[in-house]
Every structure is written in structure tokens, then in C-alpha cells.
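Asks: Data: upload09.txt, compact mmCIF, C-alpha atoms.
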```txt
# COMPACT_ATOMS: atom_id res chain seq x y z
CA MET A 1 -8.84 29.71 -5.52
CA SER A 2 -10.41 27.22 -7.90
CA LYS A 3 -12.92 24.76 -6.53
CA GLN A 4 -11.23 21.88 -4.84
CA LEU A 5 -12.15 18.41 -5.99
CA THR A 6 -12.68 15.26 -3.98
CA ALA A 7 -10.85 12.07 -4.85
CA THR A 8 -14.12 10.56 -6.11
CA GLU A 9 -14.68 13.49 -8.48
CA MET A 10 -11.15 13.09 -9.81
CA GLY A 11 -11.59 9.35 -10.39
CA LEU A 12 -9.12 8.50 -7.65
CA VAL A 13 -9.37 6.11 -4.71
CA PRO A 14 -7.25 6.41 -1.56
CA CYS A 15 -5.95 2.97 -0.53
CA HIS A 16 -7.24 1.78 2.86
CA GLY A 17 -4.01 -0.01 3.55
CA CYS A 18 -1.35 2.60 2.86
CA GLY A 19 -3.14 5.84 1.92
CA LEU A 20 -1.75 6.03 -1.60
CA LEU A 21 -4.08 7.74 -4.08
CA CYS A 22 -4.74 5.26 -6.84
CA GLN A 23 -6.56 5.42 -10.16
CA ALA A 24 -10.10 4.13 -9.57
CA PRO A 25 -10.71 0.73 -11.21
CA PRO A 26 -13.30 0.66 -14.02
CA PRO A 27 -16.86 0.00 -12.76
CA GLU A 28 -17.71 -3.63 -11.90
CA GLN A 29 -14.03 -4.44 -11.63
CA HIS A 30 -11.78 -5.01 -8.65
CA GLY A 31 -8.68 -2.91 -8.34
CA TYR A 32 -5.63 -3.40 -6.16
CA CYS A 33 -3.26 -0.83 -4.72
CA PRO A 34 -0.03 -0.88 -6.75
CA ARG A 35 2.02 -0.15 -3.61
CA CYS A 36 0.59 -2.51 -0.95
CA GLN A 37 -1.71 -4.82 -2.96
CA ALA A 38 -4.77 -4.09 -0.79
CA PRO A 39 -8.12 -4.26 -2.61
CA LEU A 40 -9.36 -0.76 -3.49
CA HIS A 41 -12.69 0.58 -2.28
CA ALA A 42 -13.91 4.14 -2.73
CA ARG A 43 -15.69 3.90 0.65
CA ARG A 44 -15.41 1.27 3.35
CA PRO A 45 -17.42 -1.64 1.93
CA GLY A 46 -20.92 -2.10 3.42
CA SER A 47 -20.15 0.78 5.74
CA VAL A 48 -23.68 1.84 6.65
CA GLN A 49 -25.13 -1.67 6.89
CA ARG A 50 -22.32 -2.95 9.11
CA ALA A 51 -22.41 0.13 11.31
CA TRP A 52 -26.18 -0.32 11.78
CA ALA A 53 -25.86 -4.01 12.65
CA TYR A 54 -23.19 -3.39 15.27
CA LEU A 55 -24.99 -0.36 16.64
CA VAL A 56 -28.35 -2.10 17.10
CA SER A 57 -26.67 -5.02 18.88
CA ALA A 58 -24.79 -2.60 21.13
CA ALA A 59 -27.98 -0.70 21.93
CA ILE A 60 -29.78 -3.92 22.90
CA LEU A 61 -26.91 -5.07 25.14
CA PHE A 62 -26.82 -1.67 26.81
CA PHE A 63 -29.90 -2.62 28.87
CA PRO A 64 -28.63 -5.84 30.52
CA ALA A 65 -25.26 -4.12 30.98
CA ASN A 66 -26.85 -1.47 33.16
CA LEU A 67 -29.67 -3.42 34.81
CA LEU A 68 -27.89 -6.64 35.79
CA PRO A 69 -25.34 -6.77 38.61
CA MET A 70 -21.76 -6.09 37.55
CA MET A 71 -20.05 -7.13 40.77
CA LEU A 72 -21.02 -9.54 43.56
CA THR A 73 -19.32 -8.71 46.86
CA THR A 74 -19.51 -11.32 49.62
CA SER A 75 -18.35 -10.04 52.96
CA LEU A 76 -18.80 -12.01 56.21
CA GLY A 77 -21.57 -14.14 54.72
CA ARG A 78 -23.51 -11.23 53.24
CA THR A 79 -23.69 -10.87 49.46
CA GLN A 80 -24.13 -7.49 47.87
CA LYS A 81 -24.99 -7.05 44.21
CA ASP A 82 -23.72 -3.91 42.53
CA THR A 83 -24.79 -2.57 39.17
CA ILE A 84 -22.63 -0.03 37.36
CA MET A 85 -24.74 2.83 38.70
CA SER A 86 -24.72 1.62 42.31
CA GLY A 87 -20.94 1.34 42.04
CA VAL A 88 -20.82 5.01 41.07
CA VAL A 89 -23.14 5.93 43.95
CA TYR A 90 -20.94 3.96 46.34
CA LEU A 91 -17.82 5.86 45.23
CA TRP A 92 -19.70 9.17 45.58
CA VAL A 93 -20.96 8.41 49.10
CA SER A 94 -17.62 7.07 50.30
CA GLY A 95 -16.16 10.51 49.61
CA SER A 96 -14.19 10.11 46.40
CA TRP A 97 -16.43 12.15 44.14
CA PRO A 98 -13.74 12.83 41.50
CA LEU A 99 -13.44 9.10 40.90
CA ALA A 100 -17.22 8.69 41.00
CA LEU A 101 -17.34 11.28 38.23
CA VAL A 102 -14.64 9.51 36.19
CA VAL A 103 -16.42 6.16 36.44
CA PHE A 104 -19.81 7.74 35.69
CA VAL A 105 -18.48 9.46 32.58
CA ALA A 106 -16.51 6.42 31.38
CA SER A 107 -19.09 3.71 31.96
CA ILE A 108 -22.47 5.41 31.61
CA MET A 109 -22.12 8.74 29.79
CA VAL A 110 -19.62 7.60 27.13
CA PRO A 111 -21.42 4.42 25.99
CA LEU A 112 -24.82 6.15 26.02
CA THR A 113 -23.61 9.24 24.16
CA LYS A 114 -21.76 7.02 21.73
CA ILE A 115 -24.84 4.97 20.90
CA LEU A 116 -27.04 8.07 20.50
CA ALA A 117 -24.41 9.87 18.40
CA LEU A 118 -23.99 6.88 16.08
CA PHE A 119 -27.78 6.76 15.59
CA LEU A 120 -27.69 10.45 14.67
CA LEU A 121 -24.78 10.02 12.23
CA LEU A 122 -26.24 6.95 10.56
CA ILE A 123 -29.71 8.49 10.16
CA THR A 124 -28.34 11.75 8.71
CA ILE A 125 -26.07 9.79 6.34
CA GLN A 126 -28.97 7.67 5.12
CA LEU A 127 -31.12 10.77 4.59
CA ARG A 128 -28.20 12.24 2.62
CA SER A 129 -28.47 15.27 4.85
CA GLU A 130 -26.27 18.31 4.21
CA TRP A 131 -26.72 19.57 7.74
CA ALA A 132 -23.59 20.65 9.67
CA PRO A 133 -21.06 18.28 8.05
CA LEU A 134 -18.13 19.80 9.92
CA GLN A 135 -19.79 19.33 13.32
CA ARG A 136 -20.83 15.79 12.42
CA THR A 137 -17.25 14.95 11.37
CA ARG A 138 -15.99 16.34 14.68
CA LEU A 139 -18.57 14.23 16.51
CA TYR A 140 -17.30 11.18 14.67
CA ARG A 141 -13.70 11.96 15.64
CA LEU A 142 -14.78 12.41 19.25
CA LEU A 143 -16.43 8.98 19.18
CA GLU A 144 -13.23 7.33 18.00
CA LEU A 145 -11.31 9.14 20.72
CA VAL A 146 -13.51 8.28 23.71
CA GLY A 147 -14.46 4.73 22.65
CA PRO A 148 -11.80 2.82 24.62
CA TRP A 149 -12.55 4.65 27.86
CA SER A 150 -15.68 2.61 28.47
CA MET A 151 -13.41 -0.35 29.22
CA LEU A 152 -12.59 1.26 32.57
CA ASP A 153 -15.22 -0.62 34.55
CA ILE A 154 -14.17 -3.97 33.11
CA TYR A 155 -10.56 -3.37 34.19
CA VAL A 156 -11.61 -2.26 37.68
CA LEU A 157 -13.73 -5.39 37.96
CA GLY A 158 -10.86 -7.63 36.86
CA LEU A 159 -8.45 -6.02 39.33
CA LEU A 160 -10.89 -6.21 42.25
CA VAL A 161 -11.71 -9.84 41.50
CA SER A 162 -8.02 -10.77 41.43
CA LEU A 163 -7.17 -8.87 44.61
CA VAL A 164 -10.17 -9.52 46.85
CA GLN A 165 -10.08 -13.29 47.32
CA LEU A 166 -9.68 -13.30 51.09
CA GLN A 167 -11.37 -16.64 51.84
CA SER A 168 -14.06 -16.15 54.52
CA LEU A 169 -13.38 -12.45 54.94
CA ALA A 170 -14.44 -11.09 51.58
CA THR A 171 -14.63 -12.16 47.97
CA ILE A 172 -15.60 -10.29 44.84
CA LEU A 173 -17.03 -12.08 41.83
CA PRO A 174 -17.93 -10.73 38.38
CA GLY A 175 -21.68 -10.49 37.64
CA PRO A 176 -23.49 -11.18 34.34
CA ALA A 177 -23.50 -7.48 33.41
CA ALA A 178 -19.73 -7.74 32.77
CA LEU A 179 -20.34 -9.85 29.66
CA ALA A 180 -23.03 -7.52 28.34
CA PHE A 181 -20.94 -4.46 29.08
CA ALA A 182 -17.89 -5.87 27.30
CA GLY A 183 -20.24 -6.53 24.37
CA VAL A 184 -21.44 -2.92 24.35
CA VAL A 185 -17.87 -1.61 24.27
CA VAL A 186 -16.69 -3.90 21.48
CA LEU A 187 -19.81 -3.54 19.33
CA SER A 188 -19.96 0.24 19.57
CA MET A 189 -16.26 0.45 18.67
CA LEU A 190 -16.83 -1.83 15.68
CA SER A 191 -19.79 0.30 14.63
CA ALA A 192 -17.75 3.51 14.72
CA MET A 193 -14.91 1.81 12.82
CA SER A 194 -17.23 0.55 10.08
CA LEU A 195 -18.74 3.97 9.57
CA ASP A 196 -16.93 5.89 6.85
CA PRO A 197 -16.83 9.62 7.74
CA ARG A 198 -16.53 10.56 4.07
CA LEU A 199 -20.16 9.50 3.64
CA ILE A 200 -21.06 12.62 5.66
CA TRP A 201 -19.50 14.77 2.93
CA ASP A 202 -20.68 12.88 -0.15
CA PRO A 203 -24.08 14.64 -0.56
CA ILE A 204 -22.39 18.07 -0.36
CA GLY A 205 -20.16 17.62 -3.38
CA GLU A 206 -23.03 16.29 -5.50
CA ASN A 207 -25.31 19.29 -5.11
CA SER A 208 -22.80 22.11 -5.29
CA ASP A 209 -22.24 21.94 -9.00
CA MET B 1 -5.49 15.21 -13.37
CA PRO B 2 -2.45 17.25 -12.30
CA GLU B 3 0.93 15.66 -12.73
CA SER B 4 2.13 14.34 -9.37
CA SER B 5 5.85 14.19 -8.76
CA HIS B 6 7.18 11.33 -6.69
CA GLU B 7 8.49 13.57 -3.92
CA TYR B 8 5.28 15.56 -3.34
CA PRO B 9 2.32 13.44 -4.34
CA LEU B 10 -1.39 14.11 -4.12
CA ILE B 11 -3.10 13.21 -0.90
CA ALA B 12 -6.80 12.75 -0.11
CA CYS B 13 -8.32 13.77 3.23
CA HIS B 14 -9.31 10.55 5.00
CA ASP B 15 -12.35 12.19 6.60
CA CYS B 16 -13.93 14.15 3.73
CA ASP B 17 -12.14 13.02 0.52
CA LEU B 18 -10.84 16.43 -0.65
CA VAL B 19 -7.60 16.14 -2.64
CA TYR B 20 -4.49 18.22 -1.89
CA GLN B 21 -1.08 18.57 -3.42
CA GLU B 22 1.53 17.91 -0.78
CA THR B 23 4.11 20.65 -0.24
CA ALA B 24 7.18 20.97 1.96
CA LEU B 25 6.43 21.96 5.56
CA PRO B 26 8.50 24.04 8.00
CA PRO B 27 10.05 22.03 10.87
CA GLY B 28 7.32 20.85 13.23
CA GLY B 29 4.60 22.04 10.86
CA GLU B 30 1.47 20.16 9.92
CA ALA B 31 -1.12 20.43 7.18
CA ARG B 32 -4.83 20.23 7.93
CA CYS B 33 -7.84 19.86 5.64
CA GLN B 34 -9.47 23.25 4.96
CA ARG B 35 -12.93 21.77 4.88
CA CYS B 36 -13.05 19.39 7.86
CA GLY B 37 -9.87 20.14 9.82
CA ALA B 38 -8.45 16.60 9.69
CA LEU B 39 -4.69 16.20 9.92
CA LEU B 40 -3.42 15.54 6.39
CA TYR B 41 0.32 15.18 6.91
CA ARG B 42 3.04 16.75 9.02
CA ASP B 43 6.72 17.51 9.01
CA THR B 44 8.41 14.16 9.53
CA THR B 45 12.06 15.09 9.90
CA GLY B 46 13.68 12.42 12.06
CA CYS B 47 10.36 10.78 12.82
CA ILE B 48 11.65 7.26 12.07
CA GLN B 49 14.53 7.57 14.54
CA ARG B 50 12.38 9.19 17.22
CA SER B 51 9.63 6.63 16.81
CA LEU B 52 12.14 3.79 16.99
CA ALA B 53 13.69 5.19 20.16
CA TYR B 54 10.36 5.60 21.95
CA CYS B 55 9.10 2.24 20.78
CA SER B 56 12.10 0.20 21.84
CA ALA B 57 12.11 1.96 25.22
CA ALA B 58 8.38 1.23 25.60
CA LEU B 59 8.96 -2.43 24.74
CA LEU B 60 11.55 -2.74 27.53
CA VAL B 61 9.31 -1.01 30.06
CA PHE B 62 6.42 -3.23 28.95
CA ILE B 63 8.46 -6.24 30.10
CA LEU B 64 8.99 -4.55 33.48
CA VAL B 65 5.27 -3.85 33.81
CA ASN B 66 4.54 -7.52 33.31
CA ALA B 67 7.33 -8.82 35.52
CA PHE B 68 6.22 -7.03 38.69
CA PRO B 69 2.88 -6.80 40.52
CA ILE B 70 0.88 -3.65 39.85
CA LEU B 71 -1.06 -3.63 43.12
CA GLU B 72 -0.48 -5.51 46.36
CA LEU B 73 -3.14 -6.00 48.97
CA GLU B 74 -2.46 -7.00 52.54
CA THR B 75 -5.02 -7.65 55.26
CA GLN B 76 -4.91 -9.88 58.35
CA GLY B 77 -1.81 -11.66 57.17
CA ILE B 78 -3.19 -12.46 53.71
CA ARG B 79 -1.28 -11.05 50.77
CA ARG B 80 -2.59 -10.89 47.25
CA ASN B 81 -1.21 -9.12 44.24
CA ALA B 82 -2.51 -8.23 40.82
CA THR B 83 -0.53 -8.29 37.60
CA LEU B 84 -1.64 -7.51 34.06
CA TYR B 85 -1.93 -11.13 32.94
CA GLY B 86 -3.23 -12.13 36.40
CA THR B 87 -6.24 -9.86 35.88
CA ALA B 88 -7.16 -11.58 32.62
CA LEU B 89 -6.46 -15.01 34.10
CA THR B 90 -8.72 -14.47 37.13
CA LEU B 91 -11.61 -13.39 34.92
CA TYR B 92 -11.06 -16.53 32.86
CA HIS B 93 -11.28 -18.70 35.98
CA GLU B 94 -14.51 -16.98 37.01
CA ASN B 95 -16.27 -18.19 33.85
CA MET B 96 -15.90 -14.88 32.08
CA ALA B 97 -13.79 -16.17 29.20
CA PRO B 98 -14.95 -13.57 26.62
CA VAL B 99 -14.29 -10.71 29.04
CA ALA B 100 -10.93 -12.23 29.96
CA ALA B 101 -10.05 -12.48 26.27
CA LEU B 102 -10.97 -8.84 25.75
CA VAL B 103 -8.83 -7.75 28.71
CA ALA B 104 -5.88 -9.86 27.53
CA LEU B 105 -6.26 -8.52 23.99
CA THR B 106 -6.47 -4.84 24.90
CA THR B 107 -3.81 -4.70 27.62
CA LEU B 108 -1.33 -7.43 26.64
CA LEU B 109 -1.53 -8.81 23.14
CA VAL B 110 -2.25 -5.67 21.12
CA PRO B 111 0.26 -3.36 22.88
CA ALA B 112 3.01 -6.02 22.79
CA LEU B 113 2.42 -6.90 19.13
CA GLU B 114 2.11 -3.27 18.10
CA LEU B 115 5.35 -2.22 19.81
CA ALA B 116 7.23 -5.26 18.53
CA ALA B 117 5.95 -4.77 14.97
CA ILE B 118 6.87 -1.07 14.90
CA CYS B 119 10.34 -1.80 16.33
CA TYR B 120 10.93 -4.49 13.74
CA LEU B 121 9.84 -2.35 10.78
CA LEU B 122 11.70 0.78 11.85
CA LEU B 123 14.87 -1.13 12.68
CA PHE B 124 15.01 -2.42 9.12
CA LEU B 125 14.18 0.97 7.60
CA ASN B 126 16.87 2.58 9.73
CA LEU B 127 19.37 0.20 8.15
CA LYS B 128 17.96 1.14 4.70
CA ARG B 129 16.64 -2.37 4.13
CA ARG B 130 13.14 -3.50 3.18
CA PRO B 131 11.66 -5.57 6.02
CA PRO B 132 9.95 -8.79 4.87
CA GLY B 133 6.16 -8.72 5.34
CA PHE B 134 6.14 -4.92 5.40
CA ALA B 135 2.69 -4.29 3.88
CA ASP B 136 0.95 -6.91 6.02
CA LEU B 137 2.53 -5.62 9.22
CA MET B 138 1.63 -2.02 8.39
CA ARG B 139 -1.97 -3.10 7.89
CA LEU B 140 -1.89 -5.10 11.14
CA ILE B 141 -0.58 -2.07 13.06
CA GLN B 142 -3.33 0.09 11.62
CA LEU B 143 -5.92 -2.55 12.49
CA MET B 144 -4.69 -3.02 16.07
CA ARG B 145 -4.24 0.64 16.91
CA PRO B 146 -7.73 1.37 18.34
CA TRP B 147 -7.66 -1.80 20.47
CA GLY B 148 -4.65 -0.96 22.64
CA MET B 149 -6.04 0.45 25.88
CA VAL B 150 -3.23 0.47 28.42
CA GLU B 151 -3.92 4.08 29.46
CA VAL B 152 -7.48 3.15 30.40
CA PHE B 153 -6.15 0.25 32.44
CA LEU B 154 -3.95 2.67 34.41
CA ILE B 155 -7.00 4.73 35.42
CA GLY B 156 -8.68 1.42 36.31
CA VAL B 157 -5.79 0.69 38.68
CA LEU B 158 -6.27 4.07 40.37
CA VAL B 159 -10.02 3.52 40.76
CA SER B 160 -9.38 0.07 42.30
CA LEU B 161 -6.81 1.58 44.65
CA VAL B 162 -9.41 4.00 46.04
CA LYS B 163 -12.16 1.39 46.19
CA LEU B 164 -9.99 -0.96 48.25
CA ALA B 165 -8.28 1.59 50.46
CA HIS B 166 -10.95 1.41 53.16
CA MET B 167 -10.98 -2.39 53.55
CA ALA B 168 -7.32 -3.34 53.33
CA HIS B 169 -3.80 -2.08 53.10
CA VAL B 170 -3.12 -1.55 49.41
CA LEU B 171 0.36 -0.91 48.08
CA PRO B 172 1.24 0.23 44.60
CA GLY B 173 3.77 -2.26 43.21
CA LEU B 174 6.82 -1.66 41.06
CA GLY B 175 4.64 -2.55 38.10
CA LEU B 176 2.48 0.52 38.67
CA TRP B 177 5.40 2.97 38.46
CA SER B 178 6.68 1.26 35.32
CA PHE B 179 3.12 1.51 34.02
CA GLY B 180 3.16 5.29 34.34
CA VAL B 181 6.39 5.43 32.35
CA LEU B 182 4.98 3.04 29.75
CA ILE B 183 1.96 5.28 29.13
CA LEU B 184 4.22 8.29 28.50
CA LEU B 185 6.49 6.34 26.15
CA MET B 186 3.58 4.85 24.24
CA ALA B 187 1.96 8.26 23.84
CA ALA B 188 5.27 9.64 22.53
CA SER B 189 5.68 6.71 20.16
CA ALA B 190 2.11 7.06 18.86
CA GLY B 191 2.74 10.78 18.37
CA SER B 192 5.86 10.25 16.29
CA PHE B 193 4.56 7.28 14.29
CA ASP B 194 3.68 8.40 10.77
CA ALA B 195 2.47 5.71 8.37
CA HIS B 196 2.73 8.10 5.42
CA GLU B 197 6.43 8.74 6.04
CA ILE B 198 7.19 5.08 6.79
CA TRP B 199 5.75 4.09 3.41
CA ARG B 200 7.84 6.76 1.73
CA GLN B 201 11.02 5.54 3.44
CA TYR B 202 10.14 1.98 2.47
CA GLU B 203 9.88 2.97 -1.19
CA LYS B 204 13.28 4.68 -1.02
CA CYS B 205 14.98 1.50 0.19
CA PRO B 206 16.57 -0.63 -2.54
CA ASN B 207 14.79 -3.84 -3.48
CA SER B 208 16.54 -6.74 -1.81
```
Translate this file's structure into C-alpha cells.
Replies:
Amino acid sequence: MSKQLTATEMGLVPCHGCGLLCQAPPPEQHGYCPRCQAPLHARRPGSVQRAWAYLVSAAILFFPANLLPMMLTTSLGRTQKDTIMSGVVYLWVSGSWPLALVVFVASIMVPLTKILALFLLLITIQLRSEWAPLQRTRLYRLLELVGPWSMLDIYVLGLLVSLVQLQSLATILPGPAALAFAGVVVLSMLSAMSLDPRLIWDPIGENSD
Amino acid sequence: MPESSHEYPLIACHDCDLVYQETALPPGGEARCQRCGALLYRDTTGCIQRSLAYCSAALLVFILVNAFPILELETQGIRRNATLYGTALTLYHENMAPVAALVALTTLLVPALELAAICYLLLFLNLKRRPPGFADLMRLIQLMRPWGMVEVFLIGVLVSLVKLAHMAHVLPGLGLWSFGVLILLMAASAGSFDAHEIWRQYEKCPNS
């Protein structure tokens, strides 16, 4: 079979809005998709820069999200401050280890892995690395898939706060980590969305001919 | 550049940019990129009707989910219940407005808008008419897609149920059962939604 060409090599640009393959506009000119009128870009504009900005912010917020208390439980005059990790430990000790595992994976493993993986992808893209493009693309797809699951702890917090308002008996209030954690989730999702996976493959086409 | 017929156009892999010529697929078949394994396109026979059916059903169940409490808690004569919007509202009252906005966006606004937009577009296409605002709505649906997180919320409900079980009597409400159904319907509707095919159907409709 003859060598397959990429859209870039053929002078074509897939539209971001509707997927139609369009003729690339001449250099220094703006083109629009004839079908849906979206502006044409060969790659997501500012992909790497945006992804870096979101990623660095997410990485910084990751620390307050894990070190500050997420949930303040007041029961019979005693206030207990729980971080994300101590919440996991509590679930584990109280006997529901499957749930402890789910929360651990969703709120600690997923955000951490996501941040580290995005660092890896961005650095290899900037170095124009040709290393394991298929595996890196799969990693990127995995990131998109697991991203929303980090919201789990925020939802649990919201539900507990709405249910446990039992006057003097017990109340649960959200702690400052909730804000930071929500920030981590949103920023890391935005970072993954800004990153264009085709950048992983760009150096490969250039050197093969 | 090879000549591309209207029926079977060229298509570029969205993950690695390789270009393919589309061909007809057997029923239920799908085409994947040889280089990176991304889904290129699939057999879309009846996908508009299926998608419309799942989506309109999901929209109805979504109303049920919001009309009834998801969890009810009862201890020493005090009853409290949690609903979807109640969860966002409570966070808002506890000075967590950004978090509340995020919860409202991911569990209420995005799923409701997405389902309504898909229903609207497919209803028109089913009647062989071009829906006004088609391109903008398609872009909006694509933009919103990653931000709908109802399935994560369901797991959140289960975690809360276990966390509270030792301190109070917790009852799953009617909302929770509807929620389970909603997740299945939304998964089915996402599985049958095919932007590629919807655009093609749109182009077949006469200009109004």
C-alpha cells in the first residue's frame, strides 16, 4: 500500500466545528469552513502554551487541595477537620474498603496521574520526540476519559453538607480545600482539552521522507 | 488530491491527522485509524432515530430526577433530603459559590442543555427540515460534552449513602432510581450520537 498522507501534507485542514476536510487557506490568511463557517486552524490555536498555563495552575492548586481540610464535621460540640486523604482513611477503617478505593482513585490517583501525564506529554511534544507516539496518544485518550471522575469528592461533599444539617446534633461544612480541588479538576480538564493530540504525531511525518 | 465524491468523502483522523477515503461499512461496523487506533467513523444506519428516542426518553427521566429527592435522611425526628439543585444551592449558601456553580453546571445545566439541543436538532432532521441555528448548536454540544458528569454524581450519591449509614437512617429517594435509569439512557444516547452523520443528514435536507 502506498504511503498514507496526513491532512497537513495534503494541504487540507479538518474543521474543528464539523470535521469537514477543507482546503487549507493560503499562509497568513484566515480561512473559514464552507459548511459551518468556523474559522479553520490546522492545529488547536496556542495549544501547547494554553495547555502549559492550565497545567501549571492545576499543579500549584493540587497542594492546597490535598493539605487543607475538605470537610469540617461538628458533632456534639466537637469539630473534626478532614482532608481528602483522611476521608479515605476514615472510609477504609469504617469497613467499606471498596468505597475507600474508589474515592482514593478518583480524588488522589486520577488528578495526580493526570498532572504528571500532561507534563510528560507536553515535554515530549516540545522536544519533538518521536518516542512511542501510539502509547502517548492512548495516554491522552485515557486522560480525557478519566478527567470528570475527580469531581466525585466535590459531589460527596455537596450531598453531605445538604443532608447533615441537624442543628446541635451534627453539621458538616465545606472546607477551603473544596475550592482548590474544584480548581484542580477544571484546570486539568482545560489543559487536556487545549492539548492537540496530533502534535504528538507531527514530528514523525516530517522525518520519514 | 484524489477526487472525493459527495457520498464518501475524505476524512482525517482527529488524533493523528492521517487521511482516509470513507467507504461503506457493514451493519454495526466501524472504521479505526491504522496508525493510532482512533475511531474514524461507523455504520450509522438508523442512528438519528435511535439517538432521538434515547434522548427524548432521557430528557423526561431528567425531569423526574429533579422533581424527587435523591437521598432522604432521618434521625431523631429530623428529616432532610437532598436533590440535585439542592446540592448546588447548599454549597452556594456556604460561601462556596464557585464550587456551587461547577456542581450546577456539570449536573444540571450541561446535561439539560445537551439533551434538549440534541432532541431539537434531531426532531427537525427527522422531519427532513433544517433546524435554525444548526451549526452553532452542534458546536455547543461538542463544547459541552466533556462537562456533563451525571454518572460521577451517581457514584457520589453511593459514597454519601455509605458515609452516612452509621449516623442516621438514610433512604434512597425516588430520584435515585430515576437517576440510575437516566445514566443508562444518557450512555445509550451518547453511544448513538454521531456528529458526522448528523451533518450529512443536515446537508441532505432541502434549504428552507
Asks: With a distance cut-off of 7 Å and all atoms listed in the file, select the neighbouring residues of A:Leu173, excluding the residue or stretch itself and same-chain residues fewer than 3 positions from it, and output the selection as a list in words.
Replies: Met71, Leu72, Thr73 and Val161 of chain A
Asks: Tell me which protein, DNA and RNA residues are within 8 Å of stretch 165-182 of chain B, counting only C-alpha atoms, leaving out same-chain ones fewer than 2 positions away, and put them as a list in words.
Replies: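 My list of contacting residues is Ala58, Val61, Phe62, Leu64, Val65, Asn66, Ala67, Phe68, Pro69, Ile70, Leu71, Glu72, Leu73, Glu74, Thr75, Thr83, Leu154, Leu161, Val162, Lys163, Leu184, Leu185 and Met186 of chain B.
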Asks: Measure the distance from atom CA of A:Leu21 to atom CA of B:Ala24 in Å and round it to one decimal.
Replies: 18.4 Å
Asks: Give me, as a PyMOL selection string, the residues of chain A touching chain B, with the criterion being at most 6 Å (counting all atoms listed in the file).
Replies: chain A and resi 5-7+17+36+134+149+152+155-156+158-159+162-163+197-198+201
Asks: Mind dumping the selected residues with C-alpha atoms as an mmCIF file, in the frame of the given file?
Replies:
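Written output follows (result.cif):
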```
data_model
loop_
_atom_site.group_PDB
_atom_site.id
_atom_site.type_symbol
_atom_site.label_atom_id
_atom_site.label_comp_id
_atom_site.auth_asym_id
_atom_site.auth_seq_id
_atom_site.Cartn_x
_atom_site.Cartn_y
_atom_site.Cartn_z
ATOM 1 C CA LEU A 5 -12.150 18.410 -5.990
ATOM 2 C CA THR A 6 -12.680 15.260 -3.980
ATOM 3 C CA ALA A 7 -10.850 12.070 -4.850
ATOM 4 C CA GLY A 17 -4.010 -0.010 3.550
ATOM 5 C CA CYS A 36 0.590 -2.510 -0.950
ATOM 6 C CA LEU A 134 -18.130 19.800 9.920
ATOM 7 C CA TRP A 149 -12.550 4.650 27.860
ATOM 8 C CA LEU A 152 -12.590 1.260 32.570
ATOM 9 C CA TYR A 155 -10.560 -3.370 34.190
ATOM 10 C CA VAL A 156 -11.610 -2.260 37.680
ATOM 11 C CA GLY A 158 -10.860 -7.630 36.860
ATOM 12 C CA LEU A 159 -8.450 -6.020 39.330
ATOM 13 C CA SER A 162 -8.020 -10.770 41.430
ATOM 14 C CA LEU A 163 -7.170 -8.870 44.610
ATOM 15 C CA PRO A 197 -16.830 9.620 7.740
ATOM 16 C CA ARG A 198 -16.530 10.560 4.070
ATOM 17 C CA TRP A 201 -19.500 14.770 2.930
#
```
Asks: When you count all atoms listed in the file, which of these residues is closest to B:Ile48: B:Ile118, B:Leu25, B:Cys33, B:Leu113?
Replies: B:Ile118
Asks: To one decimal place in Å, what is the distance between atom CA of A:Ala42 and atom CA of B:Glu30?
Replies: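 Distance reported for this atom pair: 25.6 Å.
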Asks: Which residue gives the smallest distance to B:Cys55 among B:Gly77, B:Pro27, B:Gly191, B:Pro132, with only C-alpha atoms counted?
Replies: B:Gly191
